[in-house]
>>> print(open('my_file_31.txt').read())   # compact mmCIF, C-alpha atoms
# COMPACT_ATOMS: atom_id res chain seq x y z
CA MET W 1 0.00 0.00 0.00
CA PRO W 2 1.36 3.47 -0.92
CA MET W 3 2.02 5.81 1.98
CA GLN W 4 -0.83 8.26 2.32
CA ARG W 5 -0.46 11.80 3.60
CA ARG W 6 -3.57 13.30 5.16
CA LEU W 7 -4.19 16.87 6.21
CA SER W 8 -4.06 17.26 9.97
CA THR W 9 -6.60 19.34 11.85
CA ASN W 10 -3.84 21.48 13.34
CA THR W 11 -2.47 22.28 9.89
CA ALA W 12 -5.97 23.16 8.69
CA LEU W 13 -6.46 25.55 11.60
CA ILE W 14 -3.02 27.13 11.17
CA ALA W 15 -3.68 27.68 7.45
CA SER W 16 -7.02 29.31 8.27
CA ALA W 17 -5.39 31.56 10.89
CA LEU W 18 -2.71 32.63 8.43
CA ALA W 19 -5.40 33.38 5.86
CA ALA W 20 -7.22 35.50 8.45
CA ALA W 21 -4.05 37.44 9.24
CA GLY W 22 -3.37 38.01 5.55
CA GLY W 23 -6.94 39.09 4.88
CA MET W 24 -6.91 41.42 7.88
CA SER W 25 -3.74 43.12 6.67
CA TRP W 26 -5.00 43.42 3.10
CA LEU W 27 -8.32 44.94 4.18
CA ALA W 28 -6.60 47.40 6.52
CA VAL W 29 -4.16 48.50 3.81
CA ASN W 30 -7.08 49.05 1.44
CA GLY W 31 -8.81 51.42 3.81
CA VAL W 32 -11.14 49.13 5.74
CA GLY W 33 -11.30 50.06 9.40
CA TRP W 34 -9.73 47.65 11.86
CA PRO W 35 -12.97 46.51 13.59
CA ALA W 36 -14.55 45.57 10.26
CA ALA W 37 -11.30 44.09 8.94
CA VAL W 38 -10.96 41.87 12.01
CA LEU W 39 -14.58 40.63 11.89
CA VAL W 40 -14.56 40.00 8.14
CA SER W 41 -11.24 38.14 8.31
CA LEU W 42 -12.31 36.03 11.27
CA CYS W 43 -15.56 35.06 9.55
CA GLY W 44 -13.60 34.17 6.42
CA ALA W 45 -11.22 32.08 8.50
CA ILE W 46 -14.15 30.22 10.06
CA VAL W 47 -15.66 29.14 6.73
CA LEU W 48 -12.21 28.24 5.36
CA ALA W 49 -11.50 26.24 8.50
CA GLY W 50 -14.79 24.42 8.01
CA ILE W 51 -13.84 23.36 4.49
CA LEU W 52 -10.37 22.24 5.54
CA VAL W 53 -11.14 20.68 8.94
CA LEU W 54 -14.05 18.64 7.58
CA GLY W 55 -11.60 17.08 5.12
CA SER W 56 -8.91 16.42 7.73
CA GLU W 57 -8.19 13.31 9.79
CA THR W 58 -11.50 11.68 10.81
CA ARG W 59 -13.44 14.85 11.62
CA ILE W 60 -16.40 13.96 9.41
CA GLU W 61 -16.79 10.61 11.16
CA GLN W 62 -16.59 12.32 14.54
CA LEU W 63 -19.28 14.80 13.54
CA GLN W 64 -21.42 11.92 12.28
CA LYS W 65 -21.20 10.23 15.68
CA ALA W 66 -22.03 13.48 17.48
CA LEU W 67 -25.16 13.97 15.35
CA ILE W 68 -26.22 10.34 15.74
CA ALA W 69 -25.93 10.67 19.52
CA LYS W 70 -27.93 13.90 19.62
CA PRO W 71 -29.65 14.80 16.30
CA ALA W 72 -30.87 18.11 17.76
CA ARG W 73 -27.28 19.33 17.52
CA ILE W 74 -27.93 19.95 13.84
CA LEU W 75 -29.88 23.04 14.91
CA ILE W 76 -26.67 24.40 16.43
CA VAL W 77 -24.86 23.74 13.15
CA ILE W 78 -27.48 25.62 11.11
CA ALA W 79 -27.58 28.50 13.59
CA THR W 80 -23.79 28.74 13.57
CA LEU W 81 -23.59 28.89 9.76
CA TRP W 82 -26.26 31.59 9.64
CA SER W 83 -24.71 33.55 12.53
CA VAL W 84 -21.33 33.67 10.81
CA TYR W 85 -22.96 35.24 7.75
CA PHE W 86 -24.92 37.63 9.96
CA VAL W 87 -21.72 38.89 11.60
CA TYR W 88 -20.02 39.13 8.21
CA SER W 89 -22.88 41.09 6.65
CA MET W 90 -23.06 43.46 9.63
CA ALA W 91 -19.31 44.09 9.43
CA THR W 92 -19.52 44.81 5.69
CA GLY W 93 -22.69 46.89 5.90
CA THR W 94 -24.60 44.53 3.61
CA ALA W 95 -27.10 43.09 6.08
CA GLN W 96 -30.72 43.17 4.93
CA LEU W 97 -33.66 41.40 6.54
CA GLN W 98 -34.78 39.86 3.25
CA GLY W 99 -31.34 38.47 2.47
CA LEU W 100 -30.87 37.12 5.99
CA LEU W 101 -34.22 35.34 5.87
CA VAL W 102 -33.54 33.90 2.42
CA LEU W 103 -30.16 32.61 3.56
CA ALA W 104 -31.73 31.05 6.67
CA VAL W 105 -34.13 29.07 4.48
CA TYR W 106 -31.38 28.18 2.00
CA LEU W 107 -29.09 26.83 4.74
CA SER W 108 -31.86 24.94 6.57
CA LEU W 109 -33.82 23.10 3.87
CA PRO W 110 -31.18 20.47 2.91
CA PHE W 111 -31.10 19.24 6.50
CA LEU W 112 -34.89 18.81 6.42
CA LEU W 113 -34.73 16.95 3.10
CA LEU W 114 -31.97 14.68 4.37
CA ASN W 115 -33.52 14.16 7.76
CA HIS W 116 -33.00 10.41 8.01
CA GLU W 117 -30.37 7.91 7.00
CA ARG W 118 -31.11 5.88 3.87
CA THR W 119 -29.19 2.96 2.44
CA GLU W 120 -30.47 3.63 -1.08
CA SER W 121 -30.42 6.76 -3.20
CA SER W 122 -33.57 8.83 -2.98
CA TRP W 123 -35.07 11.63 -5.01
CA LEU W 124 -34.85 13.69 -1.83
CA ASP W 125 -31.07 13.47 -2.22
CA MET W 126 -31.31 14.87 -5.75
CA ILE W 127 -33.68 17.63 -4.65
CA ALA W 128 -31.17 18.60 -1.93
CA ILE W 129 -28.32 18.61 -4.48
CA LEU W 130 -30.32 20.87 -6.81
CA TRP W 131 -31.34 23.09 -3.89
CA ILE W 132 -27.72 23.68 -2.98
CA TRP W 133 -26.55 24.18 -6.58
CA LEU W 134 -29.25 25.99 -8.59
CA PRO W 135 -29.68 29.12 -6.41
CA LEU W 136 -25.95 29.70 -6.89
CA GLU W 137 -25.90 28.73 -10.58
CA PHE W 138 -28.79 31.00 -11.58
CA GLY W 139 -27.80 33.91 -9.36
CA ILE W 140 -30.85 33.69 -7.11
CA LEU W 141 -28.79 34.12 -3.95
CA ARG W 142 -26.84 36.92 -5.59
CA HIS W 143 -30.12 38.76 -6.24
CA PHE W 144 -31.08 38.62 -2.57
CA LEU W 145 -27.69 39.01 -0.91
CA ILE W 146 -26.06 41.82 -2.89
CA THR W 147 -27.56 45.13 -1.93
CA THR W 148 -27.81 48.13 -4.22
CA SER W 149 -25.06 49.89 -2.28
CA ALA W 150 -22.81 46.89 -2.69
CA ARG W 151 -23.23 46.38 -6.43
CA GLY W 152 -19.94 45.79 -8.19
CA THR W 153 -18.48 43.58 -5.46
CA ASP W 154 -19.13 39.89 -4.96
CA PHE W 155 -17.02 39.47 -1.84
CA HIS W 156 -19.90 38.77 0.49
CA TYR W 157 -21.66 36.68 -2.16
CA GLY W 158 -18.49 34.60 -2.43
CA PHE W 159 -18.59 34.31 1.34
CA ALA W 160 -22.14 32.96 1.10
CA GLN W 161 -20.91 30.42 -1.45
CA ALA W 162 -18.25 29.26 0.99
CA LEU W 163 -20.96 28.85 3.62
CA ALA W 164 -22.92 26.78 1.11
CA ILE W 165 -19.92 24.46 0.74
CA ASN W 166 -19.82 24.00 4.52
CA MET W 167 -23.55 23.40 4.55
CA GLY W 168 -23.37 20.84 1.73
CA LEU W 169 -20.51 18.96 3.37
CA ILE W 170 -22.25 18.73 6.73
CA ALA W 171 -25.68 17.95 5.24
CA PHE W 172 -24.53 15.11 2.99
CA LEU W 173 -21.46 13.71 4.72
CA ALA W 174 -22.30 14.09 8.42
CA TRP W 175 -26.11 14.36 8.55
CA ARG W 176 -27.21 12.16 5.60
CA ARG W 177 -24.00 10.07 5.72
CA PHE W 178 -24.03 9.82 1.93
CA PRO W 179 -21.48 7.12 1.03
CA GLY W 180 -18.58 7.18 -1.39
CA VAL W 181 -18.16 10.94 -1.84
CA GLY W 182 -14.38 10.85 -1.36
CA TYR W 183 -14.04 14.18 0.45
CA ARG W 184 -10.80 13.96 2.38
CA PHE W 185 -7.62 15.97 1.94
CA GLU W 186 -5.26 13.06 1.54
CA VAL W 187 -2.77 12.22 -1.17
CA ASP W 188 -0.57 9.31 -2.17
CA ARG W 189 1.29 8.24 -5.28
CA ARG W 190 -1.81 6.63 -6.80
CA ILE W 191 -3.86 9.83 -6.41
CA LEU W 192 -1.07 12.04 -7.78
CA VAL W 193 -0.41 9.80 -10.78
CA ALA W 194 -4.12 9.55 -11.59
CA GLY W 195 -4.65 13.31 -11.32
CA VAL W 196 -1.61 14.34 -13.35
CA SER W 197 -1.91 11.64 -16.04
CA SER W 198 -5.55 12.54 -16.60
CA PHE W 199 -4.55 16.17 -17.08
CA VAL W 200 -1.91 15.18 -19.66
CA LEU W 201 -4.41 13.06 -21.61
CA PHE W 202 -7.02 15.82 -21.51
CA ALA W 203 -4.47 18.43 -22.66
CA ALA W 204 -3.51 16.23 -25.62
CA ILE W 205 -7.13 16.34 -26.78
CA ALA W 206 -8.34 19.72 -25.55
CA ILE W 207 -5.50 21.96 -26.76
CA PRO W 208 -5.75 21.03 -30.47
CA LEU W 209 -9.56 21.05 -30.24
CA GLY W 210 -9.57 24.37 -28.42
CA PHE W 211 -7.44 26.00 -31.12
CA ALA W 212 -9.51 24.39 -33.89
CA ILE W 213 -12.83 25.81 -32.62
CA GLY W 214 -11.34 29.15 -31.56
CA PHE W 215 -11.93 28.60 -27.87
CA ILE W 216 -8.33 29.28 -26.81
CA THR W 217 -5.51 31.47 -28.06
CA TYR W 218 -1.90 31.38 -26.94
CA SER W 219 -1.17 34.23 -24.50
CA PHE W 220 1.75 33.07 -22.35
CA GLU W 221 3.87 35.60 -20.43
CA TRP W 222 6.82 34.66 -18.23
CA ARG W 223 5.49 36.68 -15.30
CA LYS W 224 2.53 34.30 -15.05
CA LEU W 225 4.88 31.51 -13.97
CA PHE W 226 5.76 33.36 -10.77
CA VAL W 227 2.18 33.19 -9.55
CA ALA W 228 1.39 29.79 -11.10
CA PRO W 229 1.75 27.83 -7.81
CA ALA W 230 -0.55 30.24 -5.99
CA THR W 231 -2.94 30.14 -8.96
CA PHE W 232 -3.06 26.35 -8.82
CA LEU W 233 -3.61 26.28 -5.05
CA GLY W 234 -6.37 28.89 -5.17
CA ILE W 235 -8.15 27.13 -8.03
CA PHE W 236 -7.77 23.74 -6.34
CA LEU W 237 -9.29 24.86 -3.04
CA PHE W 238 -11.94 27.37 -4.10
CA ILE W 239 -13.01 26.15 -7.56
CA ALA W 240 -11.91 22.58 -8.24
CA ILE W 241 -12.77 20.93 -4.91
CA PRO W 242 -16.22 22.63 -4.57
CA GLU W 243 -17.15 21.79 -8.17
CA GLU W 244 -15.87 18.22 -7.89
CA LEU W 245 -17.79 17.81 -4.64
CA LEU W 246 -20.99 18.87 -6.40
CA PHE W 247 -20.65 17.23 -9.81
CA ARG W 248 -18.68 14.09 -8.95
CA GLY W 249 -19.01 13.43 -5.22
CA LEU W 250 -22.74 14.18 -5.12
CA LEU W 251 -24.31 14.25 -8.61
CA GLN W 252 -22.34 11.50 -10.38
CA ASN W 253 -22.29 9.48 -7.19
CA TRP W 254 -26.08 9.72 -6.88
CA LEU W 255 -26.57 8.79 -10.54
CA GLU W 256 -24.35 5.73 -10.11
CA ARG W 257 -26.35 4.56 -7.13
CA ALA W 258 -29.72 5.33 -8.74
CA THR W 259 -28.97 3.68 -12.12
CA SER W 260 -26.19 1.17 -11.26
CA ARG W 261 -24.58 2.24 -14.55
CA HIS W 262 -21.13 3.77 -14.24
CA ILE W 263 -20.73 4.85 -17.87
CA LEU W 264 -24.20 6.39 -18.07
CA SER W 265 -23.72 8.31 -14.82
CA LEU W 266 -20.32 9.54 -16.02
CA ILE W 267 -21.78 10.82 -19.31
CA LEU W 268 -24.83 12.43 -17.71
CA ALA W 269 -22.79 14.18 -15.00
CA SER W 270 -20.33 15.44 -17.63
CA ILE W 271 -23.15 16.83 -19.79
CA VAL W 272 -24.63 18.62 -16.78
CA PHE W 273 -21.16 19.94 -15.92
CA GLY W 274 -20.80 21.23 -19.46
CA ALA W 275 -24.26 22.81 -19.38
CA ALA W 276 -23.33 24.63 -16.16
CA HIS W 277 -20.73 26.52 -18.24
CA LEU W 278 -23.09 27.68 -20.99
CA ASN W 279 -23.37 31.07 -19.29
CA ASN W 280 -19.59 31.54 -18.95
CA GLY W 281 -18.39 34.32 -21.21
CA ALA W 282 -19.80 35.69 -24.46
CA PRO W 283 -21.78 34.73 -26.41
CA ILE W 284 -24.43 33.25 -24.15
CA PRO W 285 -25.19 30.36 -24.53
CA ASN W 286 -21.50 29.58 -25.02
CA TYR W 287 -21.57 26.23 -26.84
CA ARG W 288 -17.80 26.05 -27.24
CA TYR W 289 -17.39 26.35 -23.48
CA PHE W 290 -20.08 23.69 -23.04
CA LEU W 291 -18.19 21.28 -25.30
CA MET W 292 -14.81 21.83 -23.64
CA ALA W 293 -16.26 21.63 -20.13
CA ALA W 294 -18.22 18.46 -20.92
CA ILE W 295 -15.07 16.77 -22.23
CA ALA W 296 -13.16 17.94 -19.16
CA GLY W 297 -15.98 16.55 -17.01
CA LEU W 298 -15.45 13.13 -18.55
CA PHE W 299 -11.81 13.17 -17.47
CA TYR W 300 -12.62 14.46 -13.99
CA GLY W 301 -15.33 11.84 -13.63
CA VAL W 302 -13.08 8.98 -14.73
CA VAL W 303 -10.41 10.02 -12.23
CA TRP W 304 -13.00 10.15 -9.46
CA GLN W 305 -14.39 6.74 -10.44
CA ARG W 306 -10.91 5.18 -10.48
CA THR W 307 -9.72 6.62 -7.18
CA ARG W 308 -12.92 7.57 -5.31
CA SER W 309 -11.01 10.67 -4.30
CA LEU W 310 -12.15 14.25 -4.88
CA VAL W 311 -8.52 15.30 -4.40
CA ALA W 312 -7.50 13.29 -7.49
CA ALA W 313 -10.28 14.84 -9.57
CA GLY W 314 -9.47 18.23 -8.05
CA ILE W 315 -5.81 17.93 -9.08
CA THR W 316 -6.80 17.30 -12.71
CA HIS W 317 -9.36 20.11 -12.58
CA ALA W 318 -6.96 22.60 -11.01
CA LEU W 319 -4.17 21.73 -13.46
CA VAL W 320 -6.56 22.29 -16.38
CA ASP W 321 -7.74 25.67 -15.10
CA ALA W 322 -4.25 26.78 -14.04
CA ALA W 323 -2.75 25.82 -17.43
CA TRP W 324 -5.54 27.72 -19.16
CA THR W 325 -4.86 30.77 -16.99
CA VAL W 326 -1.09 30.68 -17.56
CA PHE W 327 -0.95 29.80 -21.25
CA PHE W 328 -4.27 30.65 -22.91
CA ARG W 329 -6.02 33.44 -21.01
CA ALA W 330 -5.17 37.07 -21.76
>>> encode(input="my_file_31.txt", output="structure tokens")
Amino acid sequence: MPMQRRLSTNTALIASALAAAGGMSWLAVNGVGWPAAVLVSLCGAIVLAGILVLGSETRIEQLQKALIAKPARILIVIATLWSVYFVYSMATGTAQLQGLLVLAVYLSLPFLLLNHERTESSWLDMIAILWIWLPLEFGILRHFLITTSARGTDFHYGFAQALAINMGLIAFLAWRRFPGVGYRFEVDRRILVAGVSSFVLFAAIAIPLGFAIGFITYSFEWRKLFVAPATFLGIFLFIAIPEELLFRGLLQNWLERATSRHILSLILASIVFGAAHLNNGAPIPNYRYFLMAAIAGLFYGVVWQRTRSLVAAGITHALVDAAWTVFFRA
């Protein structure tokens, strides 16, 4: 068995604290008063810590046991998620009663839909998946959470998205105990080889195709290499892992269990993943983006099926997006 390295809880907390310190300094330098900078950074650190800690060691299993022992504790979880957003919105001056109520309903409903353990896939699982995803995809939350005075900035909307990730993780992994998701920050040689080799195979197909249909143009600059590691890490944590959680860990996983057909579930999840990119960039609908994203989804889905690890799929995903940013995005 290859040696596996797993994120420790202490490392997750230290990384979140460092992110809070960096965010605090950045906000202060950019003219945000210290009280607001401290509150905003601490709230950001809390949601980041949730994402990291839930994927560290055996924290998900421990939370499962705590909720099995006393199911009413889920009310504390929901209240905590909502309270963190409330503090954040007060600190940023974006709090509105309508938005706070909408977010309370958004954060609560998945726990009601997934209110009991099931051994088989249920349509309630799919409804919960769609409930988490579609309000973000179609900008419904953005409509309610971004006030007129805050137009032009999506910082607090992005914060709400991070809360949604926490909510989805707890709802499906700890509350519903949905099996086979593969959400754990661990890596070994098998995961690395699968993630990187899948990227190489995808690049061999996607780069010629992308040039042929006019989807990409070469725009490399040496300065981009200096920030490439940070670009990869940011994409991996805030884009790749959340999207792989949704489209592979939840959607493709559910389709596999509902249909018992691995190839069909892979194709369907990849088509949905492609369709989610139809509104990315001009013109809308962007069919070239749909095609490239659907093909990428096939590769991400195969990696996830082979390894049952969202980290493996996330590595492929992050390498694809980082390479596009460095070499093909102006």
>>> residues_around(input="my_file_31.txt", residues="Leu291 (chain W)", least_positions_apart="6", cutoff="9 Å", atoms="only C-alpha atoms", output="compact mmCIF listing (two decimals) with C-alpha atoms, keeping the file's coordinate frame")
# COMPACT_ATOMS: atom_id res chain seq x y z
CA ILE W 271 -23.15 16.83 -19.79
CA GLY W 274 -20.80 21.23 -19.46
CA ALA W 275 -24.26 22.81 -19.38
>>> closest_residue(input="my_file_31.txt", among="W:Arg73, W:Leu145, W:Val53, W:Leu113", to="Ala95 (chain W)", atoms="only C-alpha atoms")
W:Leu145
>>> residues_around(input="my_file_31.txt", residues="Gln64 (chain W)", least_positions_apart="6", cutoff="8 Å", atoms="all atoms listed in the file", output="JSON, numbers by chain")
{"W": [173, 174, 175, 177]}
>>> write_last_selection(input="my_file_31.txt", atoms="C-alpha atoms", output="PDB file, keeping the file's coordinate frame")
ATOM      1  CA  LEU W 173     -21.460  13.710   4.720  1.00  0.00           C
ATOM      2  CA  ALA W 174     -22.300  14.090   8.420  1.00  0.00           C
ATOM      3  CA  TRP W 175     -26.110  14.360   8.550  1.00  0.00           C
ATOM      4  CA  ARG W 177     -24.000  10.070   5.720  1.00  0.00           C
TER       5      ARG W 177
END
>>> closest_atom_pairs(input="my_file_31.txt", of="region 188-271 of chain W", to="region 159-170 of chain W", cutoff="12 Å", atoms="all atoms listed in the file", output="tab-separated table")
residue	atom	partner	partner_atom	distance
W:Leu237	CA	W:Ala162	CA	10.8
W:Phe238	CA	W:Ala162	CA	8.3
W:Ile239	CA	W:Ala162	CA	10.5
W:Ile241	CA	W:Ile165	CA	9.8
W:Pro242	CA	W:Ile165	CA	6.7
W:Glu243	CA	W:Ile165	CA	9.7
W:Glu244	CA	W:Ile165	CA	11.4
W:Leu245	CA	W:Leu169	CA	8.5
W:Leu246	CA	W:Gly168	CA	8.7
W:Gly249	CA	W:Leu169	CA	10.3
W:Leu250	CA	W:Gly168	CA	9.6
>>> residues_around(input="my_file_31.txt", residues="region 122-137 of chain W", least_positions_apart="2", cutoff="8 Å", atoms="all atoms listed in the file", output="list in words")
Tyr106, Leu109, Pro110, Leu113, Leu114, Arg118, Glu120, Gly139, Ile140, Leu141, Arg142, Gln161, Ala164, Gly168, Leu246, Leu250, Leu251, Trp254, Ala258 and Ala276 of chain W
>>> closest_residue(input="my_file_31.txt", among="W:Gly210, W:Gly44, W:Gly50, W:Gly195", to="Ala20 (chain W)", atoms="only C-alpha atoms")
W:Gly44
>>> closest_residue(input="my_file_31.txt", among="W:Arg5, W:Phe226, W:Ala91, W:Val77", to="Leu63 (chain W)", atoms="all atoms listed in the file")
W:Val77
>>> atom_distance(input="my_file_31.txt", atom1="CA of Ile216 (chain W)", atom2="CA of Asn280 (chain W)")
13.9 Å
>>> closest_residue(input="my_file_31.txt", among="W:Leu266, W:Met292, W:Val47, W:Ala104", to="Arg306 (chain W)", atoms="all atoms listed in the file")
W:Leu266
>>> closest_residue(input="my_file_31.txt", among="W:Gly301, W:Gly55, W:Pro71, W:Gly281", to="Tyr183 (chain W)", atoms="all atoms listed in the file")
W:Gly55
>>> residues_around(input="my_file_31.txt", residues="region 229-235 of chain W", least_positions_apart="2", cutoff="10 Å", atoms="all atoms listed in the file", output="PyMOL selection string")
chain W and resi 224-227+237-242+314-315+317-323+325-326
>>> residues_around(input="my_file_31.txt", residues="Phe327 (chain W)", least_positions_apart="3", cutoff="7 Å", atoms="all atoms listed in the file", output="PyMOL selection string")
chain W and resi 218-220+323-324
>>> write_last_selection(input="my_file_31.txt", atoms="C-alpha atoms", output="compact mmCIF listing (two decimals), keeping the file's coordinate frame")
# COMPACT_ATOMS: atom_id res chain seq x y z
CA TYR W 218 -1.90 31.38 -26.94
CA SER W 219 -1.17 34.23 -24.50
CA PHE W 220 1.75 33.07 -22.35
CA ALA W 323 -2.75 25.82 -17.43
CA TRP W 324 -5.54 27.72 -19.16
>>> decode(input="my_file_31.txt", residues="region 63-74 of chain W", atoms="N, CA and C atoms", output="CSV table (one decimal), in the first residue's frame")
chain,number,residue,atom,x,y,z
W,63,LEU,N,-18.1,14.0,13.6
W,63,LEU,CA,-19.3,14.8,13.5
W,63,LEU,C,-20.5,13.9,13.3
W,64,GLN,N,-20.3,12.9,12.5
W,64,GLN,CA,-21.4,11.9,12.3
W,64,GLN,C,-21.9,11.3,13.6
W,65,LYS,N,-20.9,10.9,14.4
W,65,LYS,CA,-21.2,10.2,15.7
W,65,LYS,C,-21.9,11.2,16.6
W,66,ALA,N,-21.4,12.5,16.6
W,66,ALA,CA,-22.0,13.5,17.5
W,66,ALA,C,-23.5,13.7,17.1
W,67,LEU,N,-23.8,13.7,15.8
W,67,LEU,CA,-25.2,14.0,15.4
W,67,LEU,C,-26.0,12.7,15.5
W,68,ILE,N,-25.5,11.5,15.5
W,68,ILE,CA,-26.2,10.3,15.7
W,68,ILE,C,-26.6,10.3,17.2
W,69,ALA,N,-25.7,10.7,18.1
W,69,ALA,CA,-25.9,10.7,19.5
W,69,ALA,C,-27.0,11.7,19.9
W,70,LYS,N,-26.9,12.9,19.3
W,70,LYS,CA,-27.9,13.9,19.6
W,70,LYS,C,-28.3,14.6,18.3
W,71,PRO,N,-29.3,14.2,17.6
W,71,PRO,CA,-29.7,14.8,16.3
W,71,PRO,C,-30.0,16.3,16.4
W,72,ALA,N,-30.5,16.7,17.6
W,72,ALA,CA,-30.9,18.1,17.8
W,72,ALA,C,-29.7,19.0,17.6
W,73,ARG,N,-28.5,18.5,17.7
W,73,ARG,CA,-27.3,19.3,17.5
W,73,ARG,C,-27.2,20.0,16.1
W,74,ILE,N,-28.0,19.4,15.2
W,74,ILE,CA,-27.9,20.0,13.8
W,74,ILE,C,-28.5,21.4,13.8
